[in-house]
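The data block below is target-v8.tsv; it holds TSV, C-alpha atoms and all ligand atoms.
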```
chain	number	residue	atom	x	y	z
W	480	MET	CA	77.84	5.74	15.59
W	481	ALA	CA	80.54	7.80	17.27
W	482	HIS	CA	82.47	6.31	20.17
W	483	PHE	CA	83.57	8.85	22.72
W	484	ASP	CA	86.35	8.59	25.26
W	485	LYS	CA	84.71	7.93	28.67
W	486	ILE	CA	85.62	10.25	31.48
W	487	ASN	CA	85.56	7.72	34.34
W	488	GLY	CA	86.52	10.30	36.95
W	489	LYS	CA	89.50	11.62	34.95
W	490	PHE	CA	88.61	14.97	33.44
W	491	LYS	CA	92.11	16.32	32.84
W	492	GLY	CA	92.86	16.67	29.13
W	493	LYS	CA	89.58	15.01	28.04
W	494	ASP	CA	87.59	16.30	25.09
W	495	ILE	CA	83.98	16.95	26.13
W	496	LEU	CA	81.88	15.99	23.11
W	497	SER	CA	78.83	14.03	24.28
W	498	LEU	CA	76.83	13.14	27.38
W	499	ASP	CA	77.64	9.52	26.46
W	500	GLN	CA	81.07	10.10	28.02
W	501	PHE	CA	79.66	10.62	31.51
W	502	THR	CA	78.70	8.28	34.34
W	503	PRO	CA	76.61	9.29	37.37
W	504	LYS	CA	79.89	9.40	39.34
W	505	ASP	CA	81.36	11.92	36.84
W	506	LEU	CA	78.26	14.08	37.26
W	507	GLU	CA	78.61	13.83	41.03
W	508	ILE	CA	82.21	15.11	40.75
W	509	ILE	CA	81.31	18.04	38.53
W	510	PHE	CA	78.26	18.96	40.65
W	511	SER	CA	80.33	18.97	43.81
W	512	PHE	CA	82.87	21.36	42.24
W	513	THR	CA	79.98	23.45	40.87
W	514	ASP	CA	78.76	23.97	44.45
W	515	LYS	CA	82.18	25.53	45.08
W	516	THR	CA	82.45	27.61	41.89
W	517	LYS	CA	78.99	28.99	42.66
W	518	GLU	CA	80.33	30.36	45.95
W	519	ILE	CA	83.40	31.86	44.20
W	520	ALA	CA	81.17	33.70	41.72
W	521	LYS	CA	78.48	34.71	44.21
W	522	ASN	CA	80.98	36.13	46.68
W	523	ALA	CA	83.03	37.85	43.95
W	524	GLN	CA	86.12	36.08	45.27
W	525	HIS	CA	89.33	36.69	43.33
W	526	SER	CA	90.18	33.25	42.04
W	527	HIS	CA	93.50	32.37	40.44
W	528	VAL	CA	92.56	28.79	39.56
W	529	LEU	CA	93.04	29.46	35.82
W	530	SER	CA	95.77	32.05	36.21
W	531	GLY	CA	98.09	31.73	33.17
W	532	ASN	CA	95.49	29.77	31.17
W	533	ILE	CA	94.02	30.90	27.86
W	534	VAL	CA	90.97	29.29	26.26
W	535	THR	CA	89.87	29.83	22.63
W	536	LEU	CA	86.14	30.36	22.13
W	537	LEU	CA	85.58	29.48	18.47
W	538	PHE	CA	81.92	30.07	17.58
W	539	TYR	CA	80.85	29.48	13.97
W	540	GLU	CA	77.18	29.86	15.03
W	541	PRO	CA	75.61	32.70	17.06
W	542	SER	CA	75.35	32.40	20.84
W	543	SER	CA	74.41	34.54	23.83
W	544	ARG	CA	74.48	32.14	26.78
W	545	THR	CA	77.08	29.53	25.88
W	546	PHE	CA	79.62	32.06	24.63
W	547	GLY	CA	78.89	34.56	27.41
W	548	SER	CA	78.93	32.03	30.22
W	549	PHE	CA	82.12	30.31	29.05
W	550	ALA	CA	83.83	33.73	28.78
W	551	ALA	CA	82.55	34.74	32.22
W	552	ALA	CA	83.44	31.34	33.74
W	553	ILE	CA	87.06	31.51	32.56
W	554	LYS	CA	87.45	35.13	33.70
W	555	GLN	CA	85.85	34.38	37.09
W	556	LEU	CA	88.66	31.87	37.62
W	557	GLY	CA	91.42	34.29	36.57
W	558	GLY	CA	91.91	32.92	33.03
W	559	GLN	CA	91.75	34.65	29.67
W	560	THR	CA	89.98	33.97	26.38
W	561	ILE	CA	90.63	34.36	22.67
W	562	ASP	CA	87.21	35.22	21.27
W	563	ILE	CA	86.64	34.15	17.67
W	564	LEU	CA	83.03	34.89	16.83
W	565	ASN	CA	81.84	34.16	13.32
W	566	PRO	CA	85.20	32.91	11.99
W	567	GLN	CA	83.57	32.45	8.56
W	568	GLN	CA	83.68	36.25	8.34
W	569	PHE	CA	86.42	37.40	10.68
W	570	SER	CA	89.20	34.79	10.48
W	571	SER	CA	91.28	33.21	7.74
W	572	VAL	CA	88.42	30.77	7.19
W	573	VAL	CA	87.34	33.48	4.71
W	574	LYS	CA	90.51	32.74	2.72
W	575	GLY	CA	89.81	29.02	2.66
W	576	GLU	CA	91.51	27.81	5.86
W	577	THR	CA	90.26	24.34	6.79
W	578	LEU	CA	88.73	23.50	10.16
W	579	GLU	CA	91.71	21.25	10.92
W	580	ASP	CA	94.22	24.04	10.25
W	581	THR	CA	92.19	26.54	12.30
W	582	ILE	CA	92.23	24.12	15.23
W	583	ARG	CA	96.01	23.56	14.91
W	584	VAL	CA	96.54	27.33	14.96
W	585	PHE	CA	94.48	27.98	18.08
W	586	GLU	CA	95.89	25.03	19.98
W	587	ALA	CA	99.24	26.74	19.58
W	588	TYR	CA	97.87	29.84	21.34
W	589	SER	CA	95.65	28.35	24.03
W	590	ASP	CA	95.13	25.53	26.55
W	591	ALA	CA	91.65	24.44	25.39
W	592	ILE	CA	89.26	25.13	22.51
W	593	VAL	CA	85.50	25.55	22.93
W	594	ILE	CA	83.78	25.15	19.56
W	595	ARG	CA	80.26	25.70	18.26
W	596	HIS	CA	79.41	24.78	14.68
W	597	SER	CA	76.32	24.27	12.52
W	598	ASP	CA	77.38	20.80	11.35
W	599	ILE	CA	76.85	17.68	13.41
W	600	GLY	CA	80.16	15.94	14.24
W	601	THR	CA	82.34	19.04	13.87
W	602	ALA	CA	83.40	19.11	17.52
W	603	GLN	CA	84.63	15.54	17.13
W	604	LYS	CA	86.51	16.48	13.94
W	605	ALA	CA	88.08	19.38	15.83
W	606	ALA	CA	89.08	17.05	18.67
W	607	GLU	CA	90.73	14.70	16.17
W	608	ALA	CA	92.64	17.64	14.65
W	609	ALA	CA	93.87	18.90	18.03
W	610	SER	CA	97.03	17.14	19.21
W	611	PHE	CA	97.73	18.94	22.46
W	612	VAL	CA	94.63	20.57	23.91
W	613	PRO	CA	91.13	19.40	24.89
W	614	VAL	CA	88.15	20.42	22.76
W	615	ILE	CA	84.75	21.16	24.25
W	616	ASN	CA	81.57	20.86	22.18
W	617	ALA	CA	79.49	24.03	22.61
W	618	GLY	CA	76.82	22.72	20.21
W	619	ASP	CA	77.29	20.84	16.91
W	620	GLY	CA	74.34	21.40	14.60
W	621	ILE	CA	71.44	19.12	15.49
W	622	GLY	CA	73.81	16.79	17.35
W	623	GLU	CA	74.55	17.53	20.99
W	624	HIS	CA	75.11	20.36	23.44
W	625	PRO	CA	76.75	18.59	26.39
W	626	THR	CA	77.58	21.60	28.56
W	627	GLN	CA	73.95	22.75	28.33
W	628	ALA	CA	72.82	19.31	29.55
W	629	LEU	CA	75.28	19.51	32.45
W	630	LEU	CA	73.75	22.79	33.61
W	631	ASP	CA	70.23	21.47	33.02
W	632	LEU	CA	70.93	18.33	35.07
W	633	TYR	CA	72.53	20.41	37.82
W	634	THR	CA	69.43	22.65	37.92
W	635	ILE	CA	67.16	19.59	38.23
W	636	PHE	CA	69.42	18.06	40.90
W	637	GLU	CA	69.43	21.32	42.86
W	638	LYS	CA	65.65	21.27	43.01
W	639	PHE	CA	64.91	17.57	43.62
W	640	GLY	CA	68.16	16.27	45.16
W	641	ARG	CA	68.21	13.35	42.70
W	642	LEU	CA	68.27	12.53	39.00
W	643	ASP	CA	66.36	9.24	39.17
W	644	ASN	CA	62.66	8.46	39.62
W	645	LEU	CA	61.64	11.60	37.77
W	646	THR	CA	58.79	12.32	35.39
W	647	ALA	CA	59.54	14.99	32.79
W	648	VAL	CA	57.96	16.74	29.85
W	649	ILE	CA	60.29	17.75	27.01
W	650	ALA	CA	58.53	19.81	24.38
W	651	GLY	CA	59.18	21.53	21.07
W	652	ASP	CA	61.69	20.67	18.36
W	653	LEU	CA	62.90	17.23	19.39
W	654	LEU	CA	64.19	16.41	15.92
W	655	ASN	CA	66.64	19.32	15.68
W	656	GLY	CA	67.10	20.35	19.33
W	657	ARG	CA	70.64	19.43	20.39
W	658	THR	CA	70.00	20.41	24.01
W	659	VAL	CA	67.24	17.80	24.13
W	660	HIS	CA	69.50	15.12	22.65
W	661	SER	CA	72.12	15.66	25.35
W	662	LEU	CA	69.57	16.01	28.18
W	663	ILE	CA	67.86	12.71	27.33
W	664	ARG	CA	71.28	11.02	27.25
W	665	GLY	CA	71.96	12.46	30.71
W	666	LEU	CA	68.62	11.36	32.17
W	667	SER	CA	69.17	7.90	30.65
W	668	LEU	CA	72.11	7.39	33.03
W	669	TYR	CA	69.66	7.11	35.95
W	670	LYS	CA	66.99	4.58	36.86
W	671	ASN	CA	63.25	4.91	36.52
W	672	ASN	CA	62.96	8.18	34.61
W	673	THR	CA	59.94	8.73	32.35
W	674	ILE	CA	59.92	11.43	29.69
W	675	TYR	CA	56.80	12.65	27.90
W	676	LEU	CA	57.90	14.01	24.51
W	677	LEU	CA	55.47	16.67	23.26
W	678	SER	CA	56.02	17.85	19.69
W	679	PRO	CA	54.34	18.26	16.33
W	680	LYS	CA	54.67	14.93	14.47
W	681	GLU	CA	57.12	16.56	12.02
W	682	LEU	CA	59.49	17.36	14.90
W	683	LYS	CA	59.53	14.05	16.78
W	684	LEU	CA	62.87	12.51	17.71
W	685	SER	CA	64.50	10.78	14.76
W	686	VAL	CA	63.93	7.03	14.69
W	687	TYR	CA	67.67	6.54	15.28
W	688	ASP	CA	67.72	8.79	18.36
W	689	LYS	CA	64.55	7.26	19.78
W	690	ASP	CA	65.85	3.70	19.38
W	691	THR	CA	69.21	4.66	20.87
W	692	PHE	CA	67.60	6.27	23.93
W	693	ILE	CA	65.12	3.44	24.49
W	694	LYS	CA	67.98	0.90	24.37
W	695	SER	CA	69.61	2.80	27.22
W	696	GLY	CA	66.57	1.96	29.37
W	697	ILE	CA	64.71	5.27	29.63
W	698	LYS	CA	60.92	5.30	29.23
W	699	LEU	CA	59.79	7.66	26.45
W	700	ILE	CA	56.14	8.50	25.79
W	701	GLU	CA	55.50	10.47	22.60
W	702	ILE	CA	52.47	12.77	22.64
W	703	GLN	CA	51.16	15.32	20.16
W	704	ASN	CA	48.47	17.01	22.20
W	705	GLU	CA	48.71	18.96	25.45
W	706	VAL	CA	45.68	17.11	26.89
W	707	ASP	CA	48.00	14.10	27.22
W	708	LEU	CA	50.42	15.94	29.51
W	709	PRO	CA	50.96	14.15	32.85
W	710	ALA	CA	49.77	15.94	35.98
W	711	ASP	CA	52.75	14.84	38.08
W	712	ALA	CA	55.78	15.98	36.04
W	713	HIS	CA	58.76	17.15	38.08
W	714	PHE	CA	59.92	19.43	35.30
W	715	TRP	CA	58.90	20.76	31.93
W	716	TYR	CA	61.70	21.47	29.47
W	717	TRP	CA	60.36	23.65	26.68
W	718	THR	CA	62.37	24.39	23.52
W	719	ARG	CA	61.98	26.59	20.47
W	720	VAL	CA	61.46	25.30	16.95
W	721	GLN	CA	64.90	25.64	15.32
W	722	LYS	CA	64.18	27.92	12.37
W	723	GLU	CA	67.77	27.76	11.12
W	724	ARG	CA	67.47	23.99	10.50
W	725	PHE	CA	64.52	24.34	8.07
W	726	GLN	CA	64.88	24.33	4.30
W	727	ASN	CA	62.10	26.88	3.81
W	728	GLU	CA	60.07	29.45	5.75
W	729	LYS	CA	56.70	27.84	4.92
W	730	THR	CA	57.57	24.53	6.58
W	731	TYR	CA	58.85	26.40	9.63
W	732	GLN	CA	55.72	28.55	9.89
W	733	ALA	CA	53.55	25.41	9.72
W	734	VAL	CA	55.06	23.92	12.89
W	735	LYS	CA	56.33	26.84	14.98
W	736	ASN	CA	54.65	27.62	18.28
W	737	LYS	CA	52.22	24.71	18.21
W	738	PHE	CA	52.71	24.45	21.96
W	739	ILE	CA	52.83	27.69	23.92
W	740	VAL	CA	53.12	27.76	27.70
W	741	THR	CA	50.34	30.03	28.97
W	742	PRO	CA	49.10	30.61	32.53
W	743	GLU	CA	46.05	28.48	31.66
W	744	MET	CA	48.19	25.57	30.46
W	745	LEU	CA	50.41	25.73	33.54
W	746	LYS	CA	47.36	25.86	35.82
W	747	LYS	CA	45.66	22.94	34.12
W	748	TYR	CA	48.59	20.55	33.67
W	749	GLY	CA	51.45	21.79	35.85
W	750	SER	CA	52.14	20.54	39.37
W	751	LYS	CA	52.76	22.80	42.35
W	752	ASP	CA	56.34	21.64	42.89
W	753	MET	CA	57.54	21.35	39.30
W	754	ILE	CA	60.08	23.59	37.61
W	755	LEU	CA	59.76	25.05	34.12
W	756	MET	CA	62.99	25.08	32.15
W	757	HIS	CA	64.07	26.32	28.71
W	758	PRO	CA	67.60	26.40	27.26
W	759	LEU	CA	66.74	29.73	25.55
W	760	PRO	CA	66.49	31.66	23.33
W	761	ARG	CA	62.70	31.53	23.35
W	762	VAL	CA	60.77	32.87	20.40
W	763	GLY	CA	57.19	32.92	21.63
W	764	GLU	CA	56.75	29.41	23.06
W	765	ILE	CA	56.65	30.64	26.69
W	766	LEU	CA	54.61	33.78	27.30
W	767	PRO	CA	56.54	36.53	29.17
W	768	VAL	CA	53.85	36.59	31.90
W	769	ILE	CA	55.09	33.13	32.97
W	770	ASP	CA	58.48	34.61	33.94
W	771	GLU	CA	57.00	35.79	37.26
W	772	ASP	CA	55.85	32.29	38.19
W	773	PRO	CA	58.18	30.93	40.91
W	774	ARG	CA	58.35	27.62	39.01
W	775	ALA	CA	59.94	29.32	35.98
W	776	VAL	CA	63.73	28.95	36.35
W	777	TYR	CA	64.90	29.62	32.78
W	778	LEU	CA	65.89	33.24	33.43
W	779	LYS	CA	66.95	32.55	37.01
W	780	SER	CA	68.88	29.55	38.36
W	781	GLN	CA	69.13	27.77	35.01
W	782	ILE	CA	70.96	30.73	33.47
W	783	ARG	CA	73.32	31.28	36.40
W	784	ASN	CA	74.09	27.57	36.67
W	785	GLY	CA	75.47	27.77	33.12
W	786	MET	CA	78.36	29.87	34.33
W	787	TYR	CA	78.94	27.89	37.54
W	788	ILE	CA	78.99	24.49	35.81
W	789	ARG	CA	81.30	25.77	33.03
W	790	MET	CA	83.68	27.14	35.68
W	791	ALA	CA	83.89	23.68	37.23
W	792	LEU	CA	84.14	21.86	33.89
W	793	ILE	CA	86.89	24.00	32.39
W	794	ALA	CA	88.94	23.86	35.60
W	795	LEU	CA	88.57	20.06	35.74
W	796	VAL	CA	89.49	19.62	32.07
W	797	LEU	CA	92.55	21.83	32.52
W	798	GLY	CA	93.55	19.79	35.58
W	799	LYS	CA	93.21	22.73	37.96
W	800	LEU	CA	90.79	21.12	40.45
W	901	LIG	N1	71.23	27.63	25.34
W	901	LIG	C1	72.05	28.08	24.39
W	901	LIG	O1	72.84	27.30	23.80
W	901	LIG	O2	71.97	29.40	24.13
W	901	LIG	P1	72.90	30.18	23.11
W	901	LIG	O3	72.60	29.65	21.73
W	901	LIG	O4	72.57	31.62	23.27
W	901	LIG	O5	74.34	29.87	23.48
```
When written as structure tokens, how does the structure in this file appear?
Amino acid sequence: MAHFDKINGKFKGKDILSLDQFTPKDLEIIFSFTDKTKEIAKNAQHSHVLSGNIVTLLFYEPSSRTFGSFAAAIKQLGGQTIDILNPQQFSSVVKGETLEDTIRVFEAYSDAIVIRHSDIGTAQKAAEAASFVPVINAGDGIGEHPTQALLDLYTIFEKFGRLDNLTAVIAGDLLNGRTVHSLIRGLSLYKNNTIYLLSPKELKLSVYDKDTFIKSGIKLIEIQNEVDLPADAHFWYWTRVQKERFQNEKTYQAVKNKFIVTPEMLKKYGSKDMILMHPLPRVGEILPVIDEDPRAVYLKSQIRNGMYIRMALIALVLGKL
């Protein structure tokens, strides 16, 4: 099991690799700065907080939101980015450059490295290779996606004013979904949260993950049928089945879209005051007609919060706040 350097209120220079590094106090700090970065972005203020800073965005896997919102966040604060998309094709990785050497190169050019990779543990490897600059995990295979969880938790906090005493439904690919793994870690930091985990049996949390989360004190209830959904959930967090993690198409087809959010499902099991979240992309598991429902936040506040929270995080890690 990996041991991560705790933040304990000191963000400057820290690698951000897992939600296990955070305490509720750390989340309070980042949320309070996010309230401010939201105003900077909304009011199109010219910020110079990251003036003179360059951040490398090193994405070995495709991304719309994480890449786009990190790039926007850094530019909103007056910084610049080196954008390395698909380094397997467009960098010297093609010629056999190792991950460690790639990291050493880009730490010479920039003040932080944001990395996404298909292999679990790669962000940690990158952090070990970097001697001078912090590394931020933008998703490591089926491992974690800590910055997504930060924006998800901020979105929940914005709605309910708390992160404890909540009932949630998390649905979809719980085995492979890194956003889910980080979100459950985040919710485990608070008291009295109950999570209903809805998935096909093939895509349940791994035994290791489930045991780890239960040890942290969170109540998990695994269900495989929508009739078992609770009527009083504060939020639903739907996810897609991660096609890219399957060995063959047939196995994927057998489990994809077992649970689709429809108006009927929302009417029958959803509460009036809940919110419906999704890290996106979606590939059929929430019908487009749901987008108009005021409870659906995945294309609204949840998306925008991704940029605001990353503005706050990058500025904190670079010691600019
Ligand atoms: N939520 C998320 O990680 O989306 P992208 O894969 O588009 O970055």
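Between CA of Pro767 (chain W) and CA of Tyr787 (chain W) the separation is 25.4 Å.
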At a cut-off of 7 Å and counting all atoms listed in the file, what residues surround ligand LIG 901 (chain W)? Please answer as a PDB file with C-alpha atoms, in the frame of the given file.
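Saved to selection-v8.pdb:
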```pdb
ATOM      1  CA  PRO W 541      75.610  32.700  17.060  1.00  0.00           C
ATOM      2  CA  SER W 542      75.350  32.400  20.840  1.00  0.00           C
ATOM      3  CA  SER W 543      74.410  34.540  23.830  1.00  0.00           C
ATOM      4  CA  ARG W 544      74.480  32.140  26.780  1.00  0.00           C
ATOM      5  CA  THR W 545      77.080  29.530  25.880  1.00  0.00           C
ATOM      6  CA  PHE W 546      79.620  32.060  24.630  1.00  0.00           C
ATOM      7  CA  GLN W 627      73.950  22.750  28.330  1.00  0.00           C
ATOM      8  CA  PRO W 758      67.600  26.400  27.260  1.00  0.00           C
ATOM      9  CA  LEU W 759      66.740  29.730  25.550  1.00  0.00           C
ATOM     10  CA  PRO W 760      66.490  31.660  23.330  1.00  0.00           C
TER      11      PRO W 760
END
```
_Selection: 8 Å around Ile769 (chain W), all atoms listed in the file, excl. self and same-chain fewer than 2 positions, as number ranges by chain_ = W: 740-742, 765-767, 771-772, 775
_Test item: residues at most 9 Å from region 648-661 of chain W, only C-alpha atoms, excluding those fewer than 4 positions along its chain, as a PyMOL selection string_ = chain W and resi 497-499+618-629+665-666+673-679+681-685+688+708-709+712-721+724+735-738+758+764
*In Å, how far is it from CA of Ala605 (chain W) to CA of Glu723 (chain W)?*
22.5 Å
*Give me the residues within 7 Å of Thr502 (chain W) as a ChimeraX atom specification, counting all atoms listed in the file and dropping any in the same chain fewer than 4 places off.*
/W:487,506,668
*Which distance in Å separates CA of Asp707 (chain W) and CA of Tyr777 (chain W), to one decimal?*
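Going from CA of Asp707 (chain W) over to CA of Tyr777 (chain W), I get 23.6 Å.
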*Pick out the residues sitting within 10 Å of Phe549 (chain W), and hand them over as JSON, numbers by chain; count all atoms listed in the file, and ignore anything fewer than 5 positions along from it in its own chain.*
{"W": [534, 536, 544, 554, 555, 560, 593, 617, 626, 785, 786, 787, 788, 789, 790, 792, 793]}
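Closest approach to Leu699 (chain W) among W:Asn644, W:Asn672, W:Ser570, W:Thr634 is made by W:Asn672 (distances from only C-alpha atoms).
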Box centre and edge lengths (Å, one decimal), axis-aligned, region 509-520 of chain W plus 5 Å each side, as JSON:
```
{"center_x": 80.8, "center_y": 25.9, "center_z": 42.2, "size_x": 15.1, "size_y": 25.7, "size_z": 17.4}
```
_With distances taken over all atoms listed in the file, which residue among W:Phe569, W:Ile635, W:Thr535, W:Ser548 lies nearest Glu586 (chain W)?_
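The shortest atom-to-atom distance to Glu586 (chain W) comes from W:Thr535.
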*With only C-alpha atoms as the atoms that count, which of W:Phe538, W:Gln703, W:Lys485, W:Ala647 lies nearest to Val734 (chain W)?*
W:Gln703
_Exercise: Thr601 (chain W) partners within 9 Å, only C-alpha atoms, chain neighbours under 4 positions left out, as a PyMOL selection string_ = chain W and resi 578+594-597+605-606+616+619-620
How would the residues just picked look written out with C-alpha atoms as a PDB file, in the coordinates of the input?
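What follows is the written file again01.pdb:
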```pdb
ATOM      1  CA  LEU W 578      88.730  23.500  10.160  1.00  0.00           C
ATOM      2  CA  ILE W 594      83.780  25.150  19.560  1.00  0.00           C
ATOM      3  CA  ARG W 595      80.260  25.700  18.260  1.00  0.00           C
ATOM      4  CA  HIS W 596      79.410  24.780  14.680  1.00  0.00           C
ATOM      5  CA  SER W 597      76.320  24.270  12.520  1.00  0.00           C
ATOM      6  CA  ALA W 605      88.080  19.380  15.830  1.00  0.00           C
ATOM      7  CA  ALA W 606      89.080  17.050  18.670  1.00  0.00           C
ATOM      8  CA  ASN W 616      81.570  20.860  22.180  1.00  0.00           C
ATOM      9  CA  ASP W 619      77.290  20.840  16.910  1.00  0.00           C
ATOM     10  CA  GLY W 620      74.340  21.400  14.600  1.00  0.00           C
TER      11      GLY W 620
END
```
*Pick out the closest residue to Phe501 (chain W) from this set: W:Leu556, W:Ile486, W:Ala609, W:Leu564. Count all atoms listed in the file.*
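Closest candidate: W:Ile486.
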Point (90.2, 12.0, 35.2), cut-off 12 Å, counting only C-alpha atoms, residues as a PDB file with C-alpha atoms, in the coordinates of the input:
```pdb
ATOM      1  CA  ASP W 484      86.350   8.590  25.260  1.00  0.00           C
ATOM      2  CA  LYS W 485      84.710   7.930  28.670  1.00  0.00           C
ATOM      3  CA  ILE W 486      85.620  10.250  31.480  1.00  0.00           C
ATOM      4  CA  ASN W 487      85.560   7.720  34.340  1.00  0.00           C
ATOM      5  CA  GLY W 488      86.520  10.300  36.950  1.00  0.00           C
ATOM      6  CA  LYS W 489      89.500  11.620  34.950  1.00  0.00           C
ATOM      7  CA  PHE W 490      88.610  14.970  33.440  1.00  0.00           C
ATOM      8  CA  LYS W 491      92.110  16.320  32.840  1.00  0.00           C
ATOM      9  CA  GLY W 492      92.860  16.670  29.130  1.00  0.00           C
ATOM     10  CA  LYS W 493      89.580  15.010  28.040  1.00  0.00           C
ATOM     11  CA  ASP W 494      87.590  16.300  25.090  1.00  0.00           C
ATOM     12  CA  GLN W 500      81.070  10.100  28.020  1.00  0.00           C
ATOM     13  CA  PHE W 501      79.660  10.620  31.510  1.00  0.00           C
ATOM     14  CA  LYS W 504      79.890   9.400  39.340  1.00  0.00           C
ATOM     15  CA  ASP W 505      81.360  11.920  36.840  1.00  0.00           C
ATOM     16  CA  ILE W 508      82.210  15.110  40.750  1.00  0.00           C
ATOM     17  CA  ILE W 509      81.310  18.040  38.530  1.00  0.00           C
ATOM     18  CA  LEU W 792      84.140  21.860  33.890  1.00  0.00           C
ATOM     19  CA  ALA W 794      88.940  23.860  35.600  1.00  0.00           C
ATOM     20  CA  LEU W 795      88.570  20.060  35.740  1.00  0.00           C
ATOM     21  CA  VAL W 796      89.490  19.620  32.070  1.00  0.00           C
ATOM     22  CA  LEU W 797      92.550  21.830  32.520  1.00  0.00           C
ATOM     23  CA  GLY W 798      93.550  19.790  35.580  1.00  0.00           C
ATOM     24  CA  LYS W 799      93.210  22.730  37.960  1.00  0.00           C
ATOM     25  CA  LEU W 800      90.790  21.120  40.450  1.00  0.00           C
TER      26      LEU W 800
END
```
*Would you mind telling me which residue in W:Ile754, W:Leu642, W:Val762, W:Ala791 lies nearest to Arg774 (chain W) when using all atoms listed in the file?*
W:Ile754
Place all heavy atoms on region 635-640 of chain W and deliver the coordinates as a compact mmCIF listing (two decimals), keeping the file's coordinate frame.
```txt
# COMPACT_ATOMS: atom_id res chain seq x y z
N ILE W 635 68.16 20.58 37.78
CA ILE W 635 67.16 19.59 38.23
C ILE W 635 67.60 18.98 39.57
O ILE W 635 66.79 18.84 40.50
CB ILE W 635 66.97 18.49 37.15
CG1 ILE W 635 66.44 19.10 35.85
CG2 ILE W 635 66.03 17.38 37.65
CD1 ILE W 635 66.65 18.22 34.61
N PHE W 636 68.89 18.67 39.67
CA PHE W 636 69.42 18.06 40.90
C PHE W 636 69.29 19.03 42.08
O PHE W 636 68.93 18.63 43.20
CB PHE W 636 70.89 17.67 40.68
CG PHE W 636 71.50 16.96 41.85
CD1 PHE W 636 71.22 15.62 42.09
CD2 PHE W 636 72.32 17.63 42.75
CE1 PHE W 636 71.75 14.97 43.19
CE2 PHE W 636 72.86 16.99 43.84
CZ PHE W 636 72.58 15.65 44.07
N GLU W 637 69.55 20.30 41.81
CA GLU W 637 69.43 21.32 42.86
C GLU W 637 68.02 21.36 43.44
O GLU W 637 67.82 21.54 44.63
CB GLU W 637 69.70 22.70 42.21
CG GLU W 637 70.80 23.49 42.83
CD GLU W 637 70.93 24.84 42.14
OE1 GLU W 637 70.25 25.18 41.15
OE2 GLU W 637 71.74 25.59 42.64
N LYS W 638 67.04 21.18 42.58
CA LYS W 638 65.65 21.27 43.01
C LYS W 638 65.18 19.99 43.70
O LYS W 638 64.53 20.04 44.74
CB LYS W 638 64.76 21.57 41.78
CG LYS W 638 63.28 21.37 41.99
CD LYS W 638 62.66 22.45 42.85
CE LYS W 638 61.16 22.18 43.06
NZ LYS W 638 60.56 23.11 44.01
N PHE W 639 65.51 18.82 43.12
CA PHE W 639 64.91 17.57 43.62
C PHE W 639 65.88 16.70 44.42
O PHE W 639 65.46 15.71 45.02
CB PHE W 639 64.31 16.76 42.46
CG PHE W 639 63.23 17.52 41.74
CD1 PHE W 639 63.45 18.09 40.50
CD2 PHE W 639 61.99 17.70 42.34
CE1 PHE W 639 62.47 18.82 39.86
CE2 PHE W 639 60.99 18.42 41.70
CZ PHE W 639 61.23 18.99 40.46
N GLY W 640 67.18 17.05 44.39
CA GLY W 640 68.16 16.27 45.16
C GLY W 640 68.41 14.90 44.57
O GLY W 640 69.02 14.03 45.21
```
